[in-house]
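A.B. asks: my_file-v3.cif (mmCIF, C-alpha atoms and all ligand atoms; chains and numbers go by the auth columns) pasted underneath:
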```cif
data_my_file
#
loop_
_atom_site.group_PDB
_atom_site.id
_atom_site.type_symbol
_atom_site.label_atom_id
_atom_site.label_comp_id
_atom_site.label_asym_id
_atom_site.label_seq_id
_atom_site.Cartn_x
_atom_site.Cartn_y
_atom_site.Cartn_z
_atom_site.B_iso_or_equiv
_atom_site.auth_seq_id
_atom_site.auth_asym_id
ATOM 1 C CA MET A 1 16.524 -76.229 -14.764 0.00 1 A
ATOM 2 C CA LYS A 2 16.838 -74.415 -11.464 0.00 2 A
ATOM 3 C CA CYS A 3 20.253 -72.960 -10.792 0.00 3 A
ATOM 4 C CA LYS A 4 21.781 -73.963 -7.431 0.00 4 A
ATOM 5 C CA ASN A 5 24.417 -72.160 -5.400 0.00 5 A
ATOM 6 C CA LEU A 6 27.559 -73.849 -4.168 0.00 6 A
ATOM 7 C CA TRP A 7 28.906 -71.852 -1.233 0.00 7 A
ATOM 8 C CA ALA A 8 32.687 -71.620 -0.981 0.00 8 A
ATOM 9 C CA PRO A 9 33.421 -68.916 1.614 0.00 9 A
ATOM 10 C CA TRP A 10 37.114 -69.866 1.868 0.00 10 A
ATOM 11 C CA ARG A 11 37.643 -68.492 -1.621 0.00 11 A
ATOM 12 C CA ILE A 12 37.044 -64.877 -0.605 0.00 12 A
ATOM 13 C CA GLY A 13 40.687 -64.404 0.454 0.00 13 A
ATOM 14 C CA TYR A 14 41.884 -65.600 -2.906 0.00 14 A
ATOM 15 C CA ILE A 15 39.374 -63.467 -4.799 0.00 15 A
ATOM 16 C CA GLN A 16 40.282 -60.332 -2.830 0.00 16 A
ATOM 17 C CA GLY A 17 43.989 -61.144 -3.100 0.00 17 A
ATOM 18 C CA ILE A 18 44.138 -61.350 -6.891 0.00 18 A
ATOM 19 C CA ALA A 19 43.991 -57.597 -7.409 0.00 19 A
ATOM 20 C CA ASP A 20 46.541 -56.804 -4.705 0.00 20 A
ATOM 21 C CA LYS A 21 49.242 -59.224 -5.826 0.00 21 A
ATOM 22 C CA LYS A 22 49.174 -58.580 -9.529 0.00 22 A
ATOM 23 C CA GLU A 23 51.370 -55.777 -10.800 0.00 23 A
ATOM 24 C CA CYS A 24 49.445 -53.238 -12.871 0.00 24 A
ATOM 25 C CA PHE A 25 50.684 -53.835 -16.422 0.00 25 A
ATOM 26 C CA ILE A 26 49.328 -50.488 -17.640 0.00 26 A
ATOM 27 C CA CYS A 27 51.270 -48.512 -14.994 0.00 27 A
ATOM 28 C CA LYS A 28 54.323 -50.641 -15.773 0.00 28 A
ATOM 29 C CA ALA A 29 53.992 -49.711 -19.467 0.00 29 A
ATOM 30 C CA VAL A 30 53.452 -46.009 -18.642 0.00 30 A
ATOM 31 C CA LYS A 31 56.624 -45.881 -16.519 0.00 31 A
ATOM 32 C CA ASN A 32 58.897 -47.721 -18.958 0.00 32 A
ATOM 33 C CA PRO A 33 58.876 -45.987 -22.354 0.00 33 A
ATOM 34 C CA GLN A 34 62.146 -47.730 -23.237 0.00 34 A
ATOM 35 C CA ASP A 35 60.146 -50.982 -23.282 0.00 35 A
ATOM 36 C CA ASP A 36 57.284 -49.730 -25.460 0.00 36 A
ATOM 37 C CA SER A 37 57.803 -52.406 -28.113 0.00 37 A
ATOM 38 C CA PRO A 38 57.940 -55.446 -25.792 0.00 38 A
ATOM 39 C CA ASN A 39 55.056 -53.937 -23.791 0.00 39 A
ATOM 40 C CA LEU A 40 53.067 -53.567 -27.055 0.00 40 A
ATOM 41 C CA VAL A 41 52.486 -49.833 -26.586 0.00 41 A
ATOM 42 C CA LEU A 42 50.998 -48.377 -29.741 0.00 42 A
ATOM 43 C CA TRP A 43 50.461 -44.718 -28.804 0.00 43 A
ATOM 44 C CA ARG A 44 51.231 -42.263 -26.042 0.00 44 A
ATOM 45 C CA SER A 45 49.156 -39.108 -25.940 0.00 45 A
ATOM 46 C CA LYS A 46 49.090 -36.324 -23.365 0.00 46 A
ATOM 47 C CA SER A 47 47.218 -38.176 -20.623 0.00 47 A
ATOM 48 C CA CYS A 48 46.484 -41.605 -22.110 0.00 48 A
ATOM 49 C CA ILE A 49 48.265 -44.702 -23.348 0.00 49 A
ATOM 50 C CA SER A 50 47.125 -47.184 -26.012 0.00 50 A
ATOM 51 C CA ILE A 51 48.350 -50.776 -25.811 0.00 51 A
ATOM 52 C CA LEU A 52 47.727 -53.916 -27.848 0.00 52 A
ATOM 53 C CA ASN A 53 46.083 -56.571 -25.700 0.00 53 A
ATOM 54 C CA ARG A 54 48.548 -59.428 -25.185 0.00 54 A
ATOM 55 C CA PHE A 55 45.586 -61.800 -24.753 0.00 55 A
ATOM 56 C CA PRO A 56 43.340 -60.561 -27.565 0.00 56 A
ATOM 57 C CA TYR A 57 39.756 -61.636 -28.239 0.00 57 A
ATOM 58 C CA THR A 58 40.415 -60.951 -31.909 0.00 58 A
ATOM 59 C CA ASN A 59 43.337 -59.705 -33.983 0.00 59 A
ATOM 60 C CA GLY A 60 43.812 -55.960 -33.371 0.00 60 A
ATOM 61 C CA HIS A 61 42.328 -55.822 -29.852 0.00 61 A
ATOM 62 C CA ILE A 62 43.481 -52.444 -28.419 0.00 62 A
ATOM 63 C CA LEU A 63 43.263 -51.177 -24.838 0.00 63 A
ATOM 64 C CA LEU A 64 42.952 -47.414 -24.234 0.00 64 A
ATOM 65 C CA SER A 65 43.696 -46.078 -20.731 0.00 65 A
ATOM 66 C CA PRO A 66 44.338 -42.917 -18.821 0.00 66 A
ATOM 67 C CA MET A 67 47.988 -42.914 -17.734 0.00 67 A
ATOM 68 C CA ARG A 68 46.894 -42.371 -14.149 0.00 68 A
ATOM 69 C CA HIS A 69 45.922 -45.463 -12.145 0.00 69 A
ATOM 70 C CA ILE A 70 42.220 -44.648 -11.779 0.00 70 A
ATOM 71 C CA CYS A 71 39.436 -47.210 -11.688 0.00 71 A
ATOM 72 C CA ASP A 72 36.520 -45.419 -13.368 0.00 72 A
ATOM 73 C CA PHE A 73 35.110 -42.305 -15.032 0.00 73 A
ATOM 74 C CA SER A 74 34.301 -40.643 -11.706 0.00 74 A
ATOM 75 C CA GLU A 75 38.034 -40.131 -11.099 0.00 75 A
ATOM 76 C CA ALA A 76 38.906 -38.991 -14.629 0.00 76 A
ATOM 77 C CA SER A 77 39.557 -35.348 -15.492 0.00 77 A
ATOM 78 C CA ASP A 78 37.703 -33.661 -18.362 0.00 78 A
ATOM 79 C CA GLU A 79 40.920 -33.781 -20.354 0.00 79 A
ATOM 80 C CA GLU A 80 41.245 -37.542 -19.849 0.00 80 A
ATOM 81 C CA LEU A 81 37.599 -38.127 -20.744 0.00 81 A
ATOM 82 C CA PHE A 82 37.892 -36.124 -23.958 0.00 82 A
ATOM 83 C CA GLU A 83 41.154 -37.803 -24.889 0.00 83 A
ATOM 84 C CA MET A 84 39.697 -41.284 -24.362 0.00 84 A
ATOM 85 C CA ILE A 85 36.819 -40.521 -26.731 0.00 85 A
ATOM 86 C CA LYS A 86 39.218 -39.137 -29.345 0.00 86 A
ATOM 87 C CA LEU A 87 41.357 -42.261 -28.984 0.00 87 A
ATOM 88 C CA ILE A 88 38.327 -44.490 -29.574 0.00 88 A
ATOM 89 C CA ARG A 89 37.849 -42.640 -32.854 0.00 89 A
ATOM 90 C CA ASP A 90 41.552 -42.962 -33.743 0.00 90 A
ATOM 91 C CA ALA A 91 41.718 -46.647 -32.791 0.00 91 A
ATOM 92 C CA GLN A 92 38.742 -47.424 -35.009 0.00 92 A
ATOM 93 C CA ARG A 93 40.395 -45.477 -37.808 0.00 93 A
ATOM 94 C CA VAL A 94 43.802 -47.158 -37.597 0.00 94 A
ATOM 95 C CA LEU A 95 42.233 -50.614 -37.417 0.00 95 A
ATOM 96 C CA SER A 96 39.870 -49.870 -40.307 0.00 96 A
ATOM 97 C CA LEU A 97 42.777 -48.739 -42.460 0.00 97 A
ATOM 98 C CA ALA A 98 45.165 -51.528 -41.451 0.00 98 A
ATOM 99 C CA ILE A 99 43.076 -54.678 -41.074 0.00 99 A
ATOM 100 C CA LYS A 100 39.593 -53.729 -42.354 0.00 100 A
ATOM 101 C CA PRO A 101 37.228 -55.122 -39.715 0.00 101 A
ATOM 102 C CA HIS A 102 33.521 -55.436 -40.543 0.00 102 A
ATOM 103 C CA GLY A 103 32.506 -54.089 -37.136 0.00 103 A
ATOM 104 C CA PHE A 104 33.691 -53.330 -33.599 0.00 104 A
ATOM 105 C CA ASN A 105 32.844 -54.085 -30.012 0.00 105 A
ATOM 106 C CA ILE A 106 33.891 -51.195 -27.794 0.00 106 A
ATOM 107 C CA GLY A 107 33.411 -51.433 -24.073 0.00 107 A
ATOM 108 C CA ILE A 108 34.614 -51.325 -20.494 0.00 108 A
ATOM 109 C CA ASN A 109 34.369 -53.916 -17.742 0.00 109 A
ATOM 110 C CA PHE A 110 34.107 -52.308 -14.301 0.00 110 A
ATOM 111 C CA GLY A 111 35.030 -54.714 -11.504 0.00 111 A
ATOM 112 C CA ARG A 112 36.375 -58.233 -11.641 0.00 112 A
ATOM 113 C CA CYS A 113 32.878 -59.700 -11.390 0.00 113 A
ATOM 114 C CA ALA A 114 32.088 -57.911 -14.675 0.00 114 A
ATOM 115 C CA GLY A 115 35.109 -59.429 -16.375 0.00 115 A
ATOM 116 C CA ALA A 116 37.778 -56.807 -15.702 0.00 116 A
ATOM 117 C CA GLY A 117 41.178 -58.534 -15.616 0.00 117 A
ATOM 118 C CA LEU A 118 42.653 -55.394 -14.063 0.00 118 A
ATOM 119 C CA PRO A 119 39.882 -53.677 -12.092 0.00 119 A
ATOM 120 C CA GLY A 120 42.084 -50.926 -10.573 0.00 120 A
ATOM 121 C CA HIS A 121 43.120 -49.266 -13.822 0.00 121 A
ATOM 122 C CA MET A 122 40.277 -48.475 -16.188 0.00 122 A
ATOM 123 C CA HIS A 123 40.743 -49.396 -19.850 0.00 123 A
ATOM 124 C CA ILE A 124 38.499 -49.285 -22.901 0.00 124 A
ATOM 125 C CA HIS A 125 38.509 -52.400 -25.095 0.00 125 A
ATOM 126 C CA ILE A 126 38.458 -51.842 -28.839 0.00 126 A
ATOM 127 C CA VAL A 127 37.704 -55.237 -30.370 0.00 127 A
ATOM 128 C CA PRO A 128 37.568 -55.476 -34.155 0.00 128 A
ATOM 129 C CA ARG A 129 35.046 -57.992 -35.501 0.00 129 A
ATOM 130 C CA TRP A 130 34.620 -59.790 -38.789 0.00 130 A
ATOM 131 C CA ASN A 131 31.608 -61.561 -40.192 0.00 131 A
ATOM 132 C CA GLY A 132 31.878 -65.181 -39.051 0.00 132 A
ATOM 133 C CA ASP A 133 34.669 -64.609 -36.518 0.00 133 A
ATOM 134 C CA THR A 134 32.739 -66.514 -33.859 0.00 134 A
ATOM 135 C CA ASN A 135 33.218 -70.094 -34.919 0.00 135 A
ATOM 136 C CA PHE A 136 33.086 -73.561 -33.406 0.00 136 A
ATOM 137 C CA VAL A 137 36.650 -73.370 -32.058 0.00 137 A
ATOM 138 C CA ARG A 138 35.713 -70.338 -29.990 0.00 138 A
ATOM 139 C CA VAL A 139 32.394 -71.715 -28.870 0.00 139 A
ATOM 140 C CA CYS A 140 33.491 -75.279 -28.074 0.00 140 A
ATOM 141 C CA SER A 141 36.936 -74.764 -26.614 0.00 141 A
ATOM 142 C CA ASP A 142 37.062 -71.104 -25.550 0.00 142 A
ATOM 143 C CA THR A 143 40.106 -70.727 -27.774 0.00 143 A
ATOM 144 C CA HIS A 144 40.697 -67.591 -29.833 0.00 144 A
ATOM 145 C CA LEU A 145 42.131 -67.965 -33.312 0.00 145 A
ATOM 146 C CA ILE A 146 44.464 -65.065 -34.089 0.00 146 A
ATOM 147 C CA SER A 147 45.736 -64.977 -37.629 0.00 147 A
ATOM 148 C CA GLN A 148 48.613 -62.505 -37.306 0.00 148 A
ATOM 149 C CA SER A 149 51.627 -62.218 -34.977 0.00 149 A
ATOM 150 C CA ILE A 150 51.202 -59.425 -32.453 0.00 150 A
ATOM 151 C CA ASP A 151 54.624 -57.891 -33.208 0.00 151 A
ATOM 152 C CA GLU A 152 53.844 -57.812 -36.912 0.00 152 A
ATOM 153 C CA LEU A 153 50.498 -56.164 -36.156 0.00 153 A
ATOM 154 C CA LEU A 154 52.113 -53.557 -33.857 0.00 154 A
ATOM 155 C CA LYS A 155 54.490 -52.569 -36.691 0.00 155 A
ATOM 156 C CA LEU A 156 51.643 -52.336 -39.180 0.00 156 A
ATOM 157 C CA LEU A 157 49.513 -50.169 -36.872 0.00 157 A
ATOM 158 C CA LYS A 158 52.440 -47.844 -36.090 0.00 158 A
ATOM 159 C CA GLN A 159 53.176 -47.435 -39.793 0.00 159 A
ATOM 160 C CA THR A 160 49.501 -46.844 -40.613 0.00 160 A
ATOM 161 C CA SER A 161 49.313 -44.237 -37.804 0.00 161 A
ATOM 162 C CA GLU A 162 52.344 -42.431 -39.163 0.00 162 A
ATOM 163 C CA ASN A 163 50.987 -42.397 -42.709 0.00 163 A
ATOM 164 C CA ASN A 164 47.611 -41.029 -41.623 0.00 164 A
ATOM 165 C CA GLY A 165 48.459 -38.414 -39.004 0.00 165 A
ATOM 166 C CA LEU A 166 47.161 -40.555 -36.127 0.00 166 A
ATOM 167 C CA PRO A 167 48.714 -40.540 -32.624 0.00 167 A
ATOM 168 C CA ALA A 168 52.238 -41.874 -32.099 0.00 168 A
ATOM 169 C CA LEU A 169 54.669 -42.621 -29.314 0.00 169 A
HETATM 170 ZN ZN ZN B . 47.750 -48.875 -13.137 0.00 1 B
#
```
Write out the structure in this file as structure tokens.
C.D. replies:
Amino acid sequence: MKCKNLWAPWRIGYIQGIADKKECFICKAVKNPQDDSPNLVLWRSKSCISILNRFPYTNGHILLSPMRHICDFSEASDEELFEMIKLIRDAQRVLSLAIKPHGFNIGINFGRCAGAGLPGHMHIHIVPRWNGDTNFVRVCSDTHLISQSIDELLKLLKQTSENNGLPAL
């Protein structure tokens, strides 16, 4: 079947406006350490912050970000780049110890068109996967089944980090 275009030029204002109106939740978390628990902050390291995704694809979905509001690698310092890679390693480790995923998807969406919910502040998605975690509920209704409360998971990951010498707050 040939794909057709439906032109809707009046939407451009809305599309461009989304990014401007929304408060950056990563910057908000960085600036408010007293709210680390409600903001689901797992770790703070020298130049990066690690947060549980409030709208996870799967249980244990972590977001790793530089603390600075930068949109991509071209603006990151060497220190930030190195720290992000180390945090990918640590995030895989804490999740493997705590909830034993069978695999991971790790990636970054650059730009809203590529799926970035927050295009101005780069963040790496760490998404744990299990055999069979894509099921009919996900496919037919775009609904994610999450089997554990996010607060319970945050506690477990903090405890696992402490027990294994991983980053902390
Ligand atoms: Zn930001």
A.B. asks: Identify which of the residues A:Asn53, A:His123, A:Lys155, A:Gly107 lies closest to ligand ZN 1 (chain B), counting only C-alpha atoms and all ligand atoms when measuring atom-to-atom distances.
C.D. replies: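 Of A:Asn53, A:His123, A:Lys155, A:Gly107, the one nearest ligand ZN 1 (chain B), counting only C-alpha atoms and all ligand atoms, is A:His123.
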A.B. asks: Looking at A:Val41, A:Cys48, A:Ile99, A:Cys24, which one is nearest to Glu79 (chain A), with distances taken over all atoms listed in the file?
C.D. replies: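 Of the candidates, the smallest distance to Glu79 (chain A) is held by A:Cys48.
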A.B. asks: Residues picked by the PyMOL selection byres (((not hetatm)) within 7 of (chain B and resi 1)) here, as a PyMOL selection string?
C.D. replies: chain A and resi 24-27+68-69+120-121
A.B. asks: CA of Ser161 (chain A) and CA of Leu64 (chain A) are how many Å apart?
C.D. replies: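 These atoms are spaced 15.3 Å apart.
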A.B. asks: What separation in Å, quoted to one decimal, exists between CA of Asn59 (chain A) and CA of Arg89 (chain A)?
C.D. replies: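 Between CA of Asn59 (chain A) and CA of Arg89 (chain A) the gap is 18.0 Å.
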A.B. asks: Axis-aligned box over every listed atom of region 69-79 of chain A, padded by 4 Å per side: centre and edges in Å to one decimal, as lines of an AutoDock Vina configuration file?
C.D. replies:
```
center_x = 40.1
center_y = -40.4
center_z = -15.7
size_x = 19.6
size_y = 21.5
size_z = 17.3
```
A.B. asks: Would you please work out which residue, of A:Val94, A:Cys71, A:Ile124, A:Ala76, is nearest to Arg112 (chain A) when using only C-alpha atoms?
C.D. replies: A:Cys71
A.B. asks: To one decimal in Å, tell me the separation between CA of Leu52 (chain A) and CA of Glu75 (chain A).
C.D. replies: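 Between these atoms lies a distance of 23.8 Å.
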A.B. asks: Can you pull out the residues contacting His61 (chain A)? Cut-off 9 Å, using all atoms listed in the file, and skip same-chain residues under 4 positions away; I want them as a list of chain:residue names.
C.D. replies: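 In the requested format, the answer is A:Ile51, A:Leu52, A:Asn53, A:Arg54, A:Phe55, A:Pro56, A:Tyr57, A:His125, A:Ile126, A:Val127, A:Pro128.
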A.B. asks: Of the candidates A:Met84, A:Thr160, A:Gly165, A:Ile150, which one gets nearest to Ser37 (chain A) if we count only C-alpha atoms?
C.D. replies: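 Of the candidates, the smallest distance to Ser37 (chain A) is held by A:Ile150.
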A.B. asks: Can you rebuild region 80-91 of chain A with all heavy atoms and give it as an mmCIF file, keeping the file's coordinate frame?
C.D. replies:
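Saved to out.cif:
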```cif
data_model
loop_
_atom_site.group_PDB
_atom_site.id
_atom_site.type_symbol
_atom_site.label_atom_id
_atom_site.label_comp_id
_atom_site.auth_asym_id
_atom_site.auth_seq_id
_atom_site.Cartn_x
_atom_site.Cartn_y
_atom_site.Cartn_z
ATOM 1 N N GLU A 80 41.120 -36.088 -19.633
ATOM 2 C CA GLU A 80 41.245 -37.542 -19.849
ATOM 3 C C GLU A 80 40.008 -38.104 -20.547
ATOM 4 O O GLU A 80 40.120 -38.941 -21.450
ATOM 5 C CB GLU A 80 41.472 -38.255 -18.509
ATOM 6 C CG GLU A 80 42.877 -38.042 -17.962
ATOM 7 C CD GLU A 80 43.001 -38.398 -16.487
ATOM 8 O OE1 GLU A 80 41.993 -38.320 -15.747
ATOM 9 O OE2 GLU A 80 44.111 -38.728 -16.057
ATOM 10 N N LEU A 81 38.838 -37.629 -20.133
ATOM 11 C CA LEU A 81 37.599 -38.127 -20.744
ATOM 12 C C LEU A 81 37.572 -37.799 -22.234
ATOM 13 O O LEU A 81 37.273 -38.655 -23.073
ATOM 14 C CB LEU A 81 36.381 -37.479 -20.067
ATOM 15 C CG LEU A 81 36.129 -37.886 -18.621
ATOM 16 C CD1 LEU A 81 35.028 -37.018 -18.017
ATOM 17 C CD2 LEU A 81 35.746 -39.356 -18.528
ATOM 18 N N PHE A 82 37.906 -36.566 -22.561
ATOM 19 C CA PHE A 82 37.892 -36.124 -23.958
ATOM 20 C C PHE A 82 38.921 -36.905 -24.771
ATOM 21 O O PHE A 82 38.654 -37.354 -25.887
ATOM 22 C CB PHE A 82 38.161 -34.611 -24.004
ATOM 23 C CG PHE A 82 38.052 -34.014 -25.372
ATOM 24 C CD1 PHE A 82 36.976 -34.319 -26.204
ATOM 25 C CD2 PHE A 82 39.023 -33.132 -25.843
ATOM 26 C CE1 PHE A 82 36.878 -33.768 -27.475
ATOM 27 C CE2 PHE A 82 38.932 -32.580 -27.113
ATOM 28 C CZ PHE A 82 37.858 -32.900 -27.926
ATOM 29 N N GLU A 83 40.092 -37.081 -24.179
ATOM 30 C CA GLU A 83 41.154 -37.803 -24.889
ATOM 31 C C GLU A 83 40.764 -39.260 -25.140
ATOM 32 O O GLU A 83 41.033 -39.804 -26.212
ATOM 33 C CB GLU A 83 42.443 -37.724 -24.082
ATOM 34 C CG GLU A 83 43.672 -37.799 -24.964
ATOM 35 C CD GLU A 83 44.941 -37.539 -24.185
ATOM 36 O OE1 GLU A 83 45.078 -36.428 -23.628
ATOM 37 O OE2 GLU A 83 45.771 -38.444 -24.116
ATOM 38 N N MET A 84 40.119 -39.885 -24.176
ATOM 39 C CA MET A 84 39.697 -41.284 -24.362
ATOM 40 C C MET A 84 38.721 -41.406 -25.535
ATOM 41 O O MET A 84 38.833 -42.328 -26.348
ATOM 42 C CB MET A 84 39.071 -41.833 -23.071
ATOM 43 C CG MET A 84 40.107 -42.264 -22.054
ATOM 44 S SD MET A 84 39.381 -43.137 -20.647
ATOM 45 C CE MET A 84 39.037 -41.787 -19.539
ATOM 46 N N ILE A 85 37.795 -40.465 -25.627
ATOM 47 C CA ILE A 85 36.819 -40.521 -26.731
ATOM 48 C C ILE A 85 37.524 -40.301 -28.075
ATOM 49 O O ILE A 85 37.246 -40.994 -29.064
ATOM 50 C CB ILE A 85 35.704 -39.449 -26.531
ATOM 51 C CG1 ILE A 85 34.902 -39.738 -25.268
ATOM 52 C CG2 ILE A 85 34.790 -39.376 -27.759
ATOM 53 C CD1 ILE A 85 34.108 -41.030 -25.290
ATOM 54 N N LYS A 86 38.470 -39.361 -28.096
ATOM 55 C CA LYS A 86 39.218 -39.137 -29.345
ATOM 56 C C LYS A 86 40.017 -40.387 -29.724
ATOM 57 O O LYS A 86 40.132 -40.736 -30.898
ATOM 58 C CB LYS A 86 40.155 -37.930 -29.199
ATOM 59 C CG LYS A 86 39.401 -36.615 -29.233
ATOM 60 C CD LYS A 86 40.319 -35.443 -29.562
ATOM 61 C CE LYS A 86 41.313 -35.192 -28.460
ATOM 62 N NZ LYS A 86 42.160 -34.018 -28.678
ATOM 63 N N LEU A 87 40.565 -41.056 -28.705
ATOM 64 C CA LEU A 87 41.357 -42.261 -28.984
ATOM 65 C C LEU A 87 40.483 -43.417 -29.478
ATOM 66 O O LEU A 87 40.934 -44.236 -30.272
ATOM 67 C CB LEU A 87 42.157 -42.674 -27.740
ATOM 68 C CG LEU A 87 43.357 -41.765 -27.445
ATOM 69 C CD1 LEU A 87 43.923 -42.068 -26.064
ATOM 70 C CD2 LEU A 87 44.454 -41.907 -28.514
ATOM 71 N N ILE A 88 39.245 -43.465 -29.029
ATOM 72 C CA ILE A 88 38.327 -44.490 -29.574
ATOM 73 C C ILE A 88 38.184 -44.249 -31.077
ATOM 74 O O ILE A 88 38.294 -45.163 -31.893
ATOM 75 C CB ILE A 88 36.940 -44.433 -28.886
ATOM 76 C CG1 ILE A 88 37.039 -44.880 -27.433
ATOM 77 C CG2 ILE A 88 35.927 -45.309 -29.635
ATOM 78 C CD1 ILE A 88 35.740 -44.723 -26.648
ATOM 79 N N ARG A 89 37.957 -42.992 -31.431
ATOM 80 C CA ARG A 89 37.849 -42.640 -32.854
ATOM 81 C C ARG A 89 39.116 -43.034 -33.616
ATOM 82 O O ARG A 89 39.047 -43.658 -34.679
ATOM 83 C CB ARG A 89 37.601 -41.119 -32.976
ATOM 84 C CG ARG A 89 37.600 -40.599 -34.395
ATOM 85 C CD ARG A 89 37.859 -39.102 -34.443
ATOM 86 N NE ARG A 89 39.188 -38.771 -33.905
ATOM 87 C CZ ARG A 89 39.595 -37.540 -33.602
ATOM 88 N NH1 ARG A 89 38.780 -36.521 -33.748
ATOM 89 N NH2 ARG A 89 40.813 -37.324 -33.137
ATOM 90 N N ASP A 90 40.285 -42.678 -33.054
ATOM 91 C CA ASP A 90 41.552 -42.962 -33.743
ATOM 92 C C ASP A 90 41.830 -44.464 -33.836
ATOM 93 O O ASP A 90 42.365 -44.940 -34.837
ATOM 94 C CB ASP A 90 42.714 -42.265 -33.019
ATOM 95 C CG ASP A 90 42.606 -40.746 -33.095
ATOM 96 O OD1 ASP A 90 41.895 -40.243 -33.982
ATOM 97 O OD2 ASP A 90 43.242 -40.066 -32.263
ATOM 98 N N ALA A 91 41.479 -45.194 -32.783
ATOM 99 C CA ALA A 91 41.718 -46.647 -32.791
ATOM 100 C C ALA A 91 40.845 -47.309 -33.858
ATOM 101 O O ALA A 91 41.301 -48.187 -34.600
ATOM 102 C CB ALA A 91 41.421 -47.230 -31.410
#
```
